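The structure appears below as structure tokens.
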Amino acid sequence: MPGAIYAEGLVKHFGDVKALDGVDLDVPEGTVLGLLGPNGAGKTTAVRCLTTLLTPTSGKAVVAGIDVVKDPDAVRRSIGLSGQFAAVDEYLTGRENLQMVGRLYQMSAKAAKARASELLERFNLADAADRTSKTYSGGMRRRLDLAAALVVSPPVMFMDEPTTGLDPRNRQALWEVIKELVGGGTTLLLTTQYLEEADHLAHDICVIDHGRAIARGTSDELKARTGGERVEVVVQDRELIGTAQEVLAAFAKSTTGSTVEHHTRKLTVPVSGGAKLLAEVIRELDARGVEIDDIGLRRPTLDDVFISLTGHSAEENEGNRTDSTDHEEQA
């Protein structure tokens with residue numbers, strides 16, 4: 001049975017540009033799917049198709065059991081959406097913005113007022129609640145927009161790069177809100193370029209690039225695809241990098257993933273064996289007269305995963321790729 005968010009062969013063209021090129025998604029109820037990819041990968045286009053803001057060129061999309069093309073109004077009543085840019089009325093106060101959203105969802109005036117106060121406290125906006133939102137900083141507007149998306153506690157939420165522009169403290173606060181939502185049964189599709197965010201929040205991660213889903217799995221499953229653990233060594237003497245390479249090659253699980261950075265004197269090799277292996281590496285380097293400034297065992301990050309899958313970082317802005325939102329504005 002399809003999950004709370006389901007897409008099969010989702011395609012969206014803007015002229016000759018394939019913003020989405022056959023994406024499949026299946027998000028079980030009460031879980032978080034992290035949609036991970038760089039600018040222009042198709043993440044925002046996927047969210048806009050699933051939330052009825054765009055009509056797919058082809059394919060199937062079902063949200064909360066409702067076909068997004070056949071009954072978009074019913075889909076809208078079942079979801080919450082926080083986009084990349086804060087959609088608040090700058091001439092209303094923070095409190096008035098949230099109360100207005102509640103009233104639009106047919107909450108009573110009393111209930112809307114109480115919910116607004118609760119969310120203003122939760123998002124650290126209570127002190128600015130009665131100021132017009134045009135006086136808010138960018139981060140404050142972002143938090144107000146996120147609060148507005150949560151006024152009615154929808155069963156399915158879409159958050160498109162929700163922590164962009166937030167400082168670390170407010171980012172952590174939002175993560176806690178997301179955990180509470182999901183703990184209460186909300187299903188969430190989260191797009192992000194922040195690898196730590198996907199690692200921290202998502203039950204499952206879908207890596208998307210150039211409009212295609214190129215990998216899917218848990219954080220640990222995706223990291224395992226890069227070859228597992230790595231030993232990193234920084235040698236004192238640049239002249240002994242070659243000797244250190246010979247030593248590390250004897251411990252390397254494979255030649256794939258081995259790197260040398262001459263300017264930082266850092267060598268990296270994929271290994272298996274965990275922390276016990278470090279002692280053996282240190283002994284062998286010492287025996288060969290290679291003094292080191294630093295050594296450590298590092299598990300692969302999601303950035304490693306993305307580079308191994310695509311050849312570039314998930315946080316890069318690709319100069320030869322226009323963001324899908326640009327195509328949407330032109331369409």
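Chain labels run A, B, ... following the order of the structure tokens; each chain numbers its residues from 1, and ligands are numbered from 1 in the order shown.
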Env of segment 201-204 of chain A: 9 Å cut, atoms = only C-alpha atoms, seq-sep filter 2 positions within chain, self excluded. Answer as a PyMOL selection string.
chain A and resi 27+31-35+175+178-179+188-190+196-199+206+216-219
Those same residues, written as a short mmCIF file (atom, residue, chain, number, x, y, z; two decimals), in the first residue's frame with C-alpha atoms?
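Contents of again.cif, as written:
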data_model
loop_
_atom_site.label_atom_id
_atom_site.label_comp_id
_atom_site.auth_asym_id
_atom_site.auth_seq_id
_atom_site.Cartn_x
_atom_site.Cartn_y
_atom_site.Cartn_z
CA VAL A 27 7.10 7.94 2.22
CA THR A 31 8.28 9.20 8.83
CA VAL A 32 10.64 11.80 7.39
CA LEU A 33 12.05 11.54 3.87
CA GLY A 34 15.04 13.77 3.26
CA LEU A 35 15.28 14.87 -0.37
CA TRP A 175 14.76 20.28 14.50
CA ILE A 178 10.09 18.54 13.53
CA LYS A 179 10.81 15.62 15.86
CA LEU A 188 7.25 14.96 6.38
CA LEU A 189 9.09 15.45 3.12
CA LEU A 190 12.09 17.64 3.80
CA GLU A 196 23.88 17.28 8.73
CA GLU A 197 20.16 18.07 8.64
CA ALA A 198 19.27 15.05 6.52
CA ASP A 199 21.50 12.87 8.66
CA CYS A 206 16.58 10.13 -1.46
CA ARG A 216 17.79 5.82 -1.77
CA GLY A 217 18.35 4.42 1.69
CA THR A 218 19.00 5.21 5.32
CA SER A 219 21.92 7.44 6.23
#
Using only C-alpha atoms, which protein or nucleic acid residues come within 8 Å of Asn97 of chain A? Drop anything in the same chain fewer than 5 positions from it, and give the result as a PyMOL selection string.
chain A and resi 88-89+92+148
Give me, as a tab-separated table, the closest atom pair and its distance (Å, one decimal) for every residue of segment 111-183 of chain A within a cut-off of 10 Å of segment 4-23 of chain A, counting only C-alpha atoms, rows sorted by chain and rising number.
residue	atom	partner	partner_atom	distance
A:Pro155	CA	A:Ala4	CA	8.8
A:Val156	CA	A:Ala4	CA	7.2
A:Met157	CA	A:Ile5	CA	9.7
A:Phe158	CA	A:Ile5	CA	9.9
Expected file contents, prior selection, all heavy atoms, as a CSV table (one decimal), in the first residue's frame:
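The file below, selection.csv, is the result:
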chain,number,residue,atom,x,y,z
A,155,PRO,N,-1.6,16.5,8.6
A,155,PRO,CA,-1.1,15.1,8.7
A,155,PRO,C,0.1,14.9,7.8
A,155,PRO,O,0.9,14.0,8.0
A,155,PRO,CB,-2.3,14.2,8.2
A,155,PRO,CG,-3.1,15.2,7.4
A,155,PRO,CD,-3.0,16.5,8.0
A,156,VAL,N,0.2,15.8,6.7
A,156,VAL,CA,1.4,15.7,5.8
A,156,VAL,C,2.0,17.1,5.7
A,156,VAL,O,1.3,18.0,5.4
A,156,VAL,CB,1.0,15.1,4.4
A,156,VAL,CG1,2.2,15.1,3.5
A,156,VAL,CG2,0.3,13.8,4.6
A,157,MET,N,3.3,17.1,5.9
A,157,MET,CA,4.0,18.4,5.8
A,157,MET,C,5.1,18.3,4.7
A,157,MET,O,5.7,17.3,4.5
A,157,MET,CB,4.7,18.7,7.1
A,157,MET,CG,3.8,19.4,8.1
A,157,MET,SD,3.5,21.1,7.7
A,157,MET,CE,5.1,21.9,7.6
A,158,PHE,N,5.3,19.5,4.0
A,158,PHE,CA,6.4,19.6,3.1
A,158,PHE,C,7.2,20.8,3.6
A,158,PHE,O,6.6,21.9,3.7
A,158,PHE,CB,5.9,19.9,1.7
A,158,PHE,CG,5.1,18.7,1.1
A,158,PHE,CD1,3.8,18.5,1.3
A,158,PHE,CD2,5.8,17.8,0.3
A,158,PHE,CE1,3.1,17.4,0.8
A,158,PHE,CE2,5.2,16.7,-0.3
A,158,PHE,CZ,3.8,16.5,0.0
Name all residues at most 9 Å from Gly3 of chain A (count only C-alpha atoms; drop same-chain ones fewer than 2 positions away) and give them as a ChimeraX atom specification.
/A:1,5-6,25-29,62-65
Please produce a file of those selected residues containing N, CA and C atoms, as a compact mmCIF listing (two decimals), in the first residue's frame.
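Full text of selection.txt as output:
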# COMPACT_ATOMS: atom_id res chain seq x y z
N MET A 1 0.84 -1.19 0.00
CA MET A 1 0.00 0.00 0.00
C MET A 1 0.88 1.25 0.00
N ILE A 5 2.96 9.90 1.21
CA ILE A 5 3.41 10.65 0.03
C ILE A 5 3.94 9.63 -0.97
N TYR A 6 3.38 9.66 -2.18
CA TYR A 6 3.74 8.64 -3.17
C TYR A 6 3.85 9.28 -4.55
N LEU A 25 8.87 8.13 -5.46
CA LEU A 25 8.97 8.36 -4.02
C LEU A 25 7.90 7.56 -3.31
N ASP A 26 8.20 7.12 -2.10
CA ASP A 26 7.20 6.43 -1.27
C ASP A 26 7.57 6.68 0.19
N VAL A 27 6.78 7.54 0.85
CA VAL A 27 7.10 7.94 2.22
C VAL A 27 6.05 7.37 3.17
N PRO A 28 6.41 6.39 4.01
CA PRO A 28 5.45 5.81 4.94
C PRO A 28 4.92 6.85 5.93
N GLU A 29 3.72 6.64 6.39
CA GLU A 29 3.09 7.55 7.35
C GLU A 29 3.94 7.67 8.61
N VAL A 62 0.35 10.93 -5.37
CA VAL A 62 -0.74 10.78 -4.40
C VAL A 62 -0.23 11.25 -3.04
N VAL A 63 -0.99 12.15 -2.40
CA VAL A 63 -0.63 12.67 -1.08
C VAL A 63 -1.82 12.48 -0.15
N ALA A 64 -1.57 11.87 1.00
CA ALA A 64 -2.63 11.56 1.97
C ALA A 64 -3.77 10.77 1.31
N GLY A 65 -3.39 9.89 0.39
CA GLY A 65 -4.37 9.05 -0.29
C GLY A 65 -5.15 9.74 -1.39
Find the distance between atom CA of Lys253 of chain A and atom CA of Thr226 of chain A and write it in Å to one decimal.
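Atom-to-atom, atom CA of Lys253 of chain A and atom CA of Thr226 of chain A are spaced 11.8 Å apart.
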For Ala128 of chain A, the nearest of the candidates A:Met140, A:Val177, A:Val260, A:Ala116, counting only C-alpha atoms
A:Met140
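Closest to Gln236 of chain A among A:Leu285, A:Ala279, A:Leu150, A:Ala252 is A:Leu285, based on only C-alpha atoms.
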How would you write, as a compact mmCIF listing (two decimals) with all heavy atoms, in the first residue's frame, the set of residues in segment 125-157 of chain A that DSSP gives as helix (DSSP H, G or I)?
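So result04.txt came out as:
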# COMPACT_ATOMS: atom_id res chain seq x y z
N ALA A 126 7.78 35.57 20.53
CA ALA A 126 6.79 36.18 21.42
C ALA A 126 7.09 37.66 21.68
O ALA A 126 6.18 38.48 21.74
CB ALA A 126 6.74 35.41 22.74
N ASP A 127 8.38 38.00 21.81
CA ASP A 127 8.74 39.39 22.09
C ASP A 127 8.41 40.33 20.93
O ASP A 127 8.25 41.53 21.12
CB ASP A 127 10.22 39.50 22.44
CG ASP A 127 10.56 38.87 23.78
OD1 ASP A 127 9.62 38.64 24.57
OD2 ASP A 127 11.75 38.61 24.03
N ALA A 128 8.36 39.75 19.71
CA ALA A 128 8.08 40.56 18.52
C ALA A 128 6.67 40.30 17.97
O ALA A 128 6.35 40.73 16.86
CB ALA A 128 9.11 40.25 17.44
N SER A 133 5.41 42.48 10.59
CA SER A 133 6.45 41.56 10.16
C SER A 133 7.45 42.18 9.19
O SER A 133 8.53 41.63 8.97
CB SER A 133 5.83 40.30 9.54
OG SER A 133 5.03 40.62 8.44
N LYS A 134 7.12 43.36 8.63
CA LYS A 134 8.11 44.02 7.75
C LYS A 134 9.31 44.52 8.55
O LYS A 134 10.37 44.81 7.98
CB LYS A 134 7.47 45.16 6.96
CG LYS A 134 7.04 46.36 7.76
CD LYS A 134 6.43 47.42 6.84
CE LYS A 134 5.94 48.63 7.63
NZ LYS A 134 5.33 49.64 6.72
N THR A 135 9.16 44.60 9.90
CA THR A 135 10.29 45.00 10.75
C THR A 135 11.13 43.81 11.18
O THR A 135 12.15 43.98 11.85
CB THR A 135 9.79 45.73 12.01
OG1 THR A 135 9.07 44.81 12.85
CG2 THR A 135 8.89 46.90 11.64
N GLY A 138 15.38 38.64 8.34
CA GLY A 138 15.10 37.52 7.44
C GLY A 138 14.87 36.22 8.19
O GLY A 138 13.96 35.45 7.87
N GLY A 139 15.69 35.98 9.23
CA GLY A 139 15.53 34.76 10.02
C GLY A 139 14.22 34.73 10.77
O GLY A 139 13.58 33.68 10.90
N MET A 140 13.78 35.89 11.27
CA MET A 140 12.51 35.96 11.99
C MET A 140 11.34 35.70 11.04
O MET A 140 10.38 35.00 11.39
CB MET A 140 12.35 37.33 12.66
CG MET A 140 13.31 37.55 13.82
SD MET A 140 13.31 39.26 14.39
CE MET A 140 11.68 39.36 15.15
N ARG A 141 11.41 36.24 9.84
CA ARG A 141 10.35 35.98 8.86
C ARG A 141 10.30 34.50 8.50
O ARG A 141 9.22 33.93 8.31
CB ARG A 141 10.59 36.80 7.58
CG ARG A 141 10.36 38.28 7.75
CD ARG A 141 10.36 38.96 6.40
NE ARG A 141 10.29 40.40 6.52
CZ ARG A 141 9.86 41.22 5.56
NH1 ARG A 141 9.48 40.72 4.41
NH2 ARG A 141 9.84 42.51 5.74
N ARG A 142 11.48 33.89 8.43
CA ARG A 142 11.54 32.45 8.12
C ARG A 142 10.83 31.66 9.21
O ARG A 142 10.05 30.75 8.93
CB ARG A 142 13.01 32.04 8.04
CG ARG A 142 13.21 30.67 7.43
CD ARG A 142 13.17 30.78 5.92
NE ARG A 142 13.28 29.48 5.32
CZ ARG A 142 12.27 28.83 4.76
NH1 ARG A 142 11.06 29.34 4.74
NH2 ARG A 142 12.46 27.65 4.20
N ARG A 143 11.09 32.01 10.46
CA ARG A 143 10.45 31.30 11.57
C ARG A 143 8.95 31.53 11.59
O ARG A 143 8.17 30.62 11.87
CB ARG A 143 11.08 31.75 12.89
CG ARG A 143 12.44 31.10 13.17
CD ARG A 143 13.00 31.57 14.48
NE ARG A 143 13.73 32.81 14.35
CZ ARG A 143 13.82 33.73 15.29
NH1 ARG A 143 13.19 33.57 16.44
NH2 ARG A 143 14.50 34.83 15.09
N LEU A 144 8.52 32.75 11.26
CA LEU A 144 7.09 33.04 11.22
C LEU A 144 6.40 32.23 10.12
O LEU A 144 5.30 31.71 10.31
CB LEU A 144 6.86 34.54 10.99
CG LEU A 144 5.41 35.01 10.97
CD1 LEU A 144 4.73 34.72 12.31
CD2 LEU A 144 5.33 36.51 10.65
N ASP A 145 7.07 32.10 8.98
CA ASP A 145 6.52 31.31 7.88
C ASP A 145 6.38 29.85 8.28
O ASP A 145 5.38 29.19 7.98
CB ASP A 145 7.43 31.44 6.66
CG ASP A 145 6.91 30.69 5.45
OD1 ASP A 145 5.82 31.04 4.96
OD2 ASP A 145 7.59 29.75 5.00
N LEU A 146 7.38 29.32 8.98
CA LEU A 146 7.31 27.94 9.44
C LEU A 146 6.18 27.76 10.46
O LEU A 146 5.46 26.76 10.42
CB LEU A 146 8.65 27.53 10.07
CG LEU A 146 9.81 27.38 9.09
CD1 LEU A 146 11.14 27.39 9.83
CD2 LEU A 146 9.67 26.10 8.29
N ALA A 147 6.03 28.74 11.34
CA ALA A 147 4.93 28.68 12.31
C ALA A 147 3.58 28.66 11.60
O ALA A 147 2.67 27.91 11.98
CB ALA A 147 5.02 29.86 13.26
N ALA A 148 3.44 29.49 10.55
CA ALA A 148 2.18 29.54 9.81
C ALA A 148 1.85 28.19 9.18
O ALA A 148 0.69 27.78 9.11
CB ALA A 148 2.25 30.63 8.73
N ALA A 149 2.88 27.47 8.72
CA ALA A 149 2.64 26.16 8.11
C ALA A 149 2.16 25.12 9.12
O ALA A 149 1.61 24.08 8.74
CB ALA A 149 3.93 25.66 7.43
Expressed in Å to a single decimal, how great is the separation between atom CA of Pro154 of chain A and atom CA of Thr186 of chain A?
7.1 Å
Which of A:Gly289, A:Pro72, A:Gly184, A:Gly242 sits closest to Arg48 of chain A [using only C-alpha atoms]:
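Ranking A:Gly289, A:Pro72, A:Gly184, A:Gly242 by distance to Arg48 of chain A, first place goes to A:Pro72.
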Name the residues of segment 24-188 of chain A that fall into strand (DSSP E) according to DSSP on the backbone, using the chain letters and numbers of this document, as a list in words.
Asp24, Leu25, Asp26, Val27, Val32, Leu33, Gly34, Leu35, Leu36, Ser58, Gly59, Lys60, Ala61, Val62, Val63, Ile66, Asp67, Ile79, Gly80, Leu81, Ser82, Val156, Met157, Phe158, Met159, Asp160, Thr187 and Leu188 of chain A
Using Å and a single decimal, report how far atom CA of Ile307 of chain A sits from atom CA of Ala275 of chain A.
25.1 Å
Compare A:Gln193, A:Thr51, A:Ser254, A:Thr163 by their minimum atom-to-atom distance to Gly228 of chain A, counting only C-alpha atoms, and give me the closest one.
A:Ser254
Best match for closeness to Gly37 of chain A among A:Leu119, A:Val101, A:Leu195, A:Leu278, counting only C-alpha atoms
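The answer is A:Leu195, which sits nearest to Gly37 of chain A.
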Please identify all polymer residues within 8 Å of Ile66 of chain A, counting only C-alpha atoms, omitting same-chain residues fewer than 5 positions from it, and present them as a PyMOL selection string.
chain A and resi 71+74-75
Could you list, as an MDAnalysis selection string, every residue within 9 Å of Val69 of chain A, counting only C-alpha atoms and ignoring same-chain residues fewer than 6 positions away?
chainID A and resid 52 55:56 60:62
Those residues you just picked out, can you put them in a file as an mmCIF file, in the first residue's frame with C-alpha atoms?
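Output file part_8.cif follows:
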data_model
loop_
_atom_site.group_PDB
_atom_site.id
_atom_site.type_symbol
_atom_site.label_atom_id
_atom_site.label_comp_id
_atom_site.auth_asym_id
_atom_site.auth_seq_id
_atom_site.Cartn_x
_atom_site.Cartn_y
_atom_site.Cartn_z
ATOM 1 C CA THR A 52 -0.426 21.068 -6.362
ATOM 2 C CA THR A 55 0.902 20.209 -12.617
ATOM 3 C CA PRO A 56 3.203 17.301 -13.512
ATOM 4 C CA LYS A 60 1.421 9.812 -10.788
ATOM 5 C CA ALA A 61 1.427 11.587 -7.430
ATOM 6 C CA VAL A 62 -0.738 10.779 -4.404
#
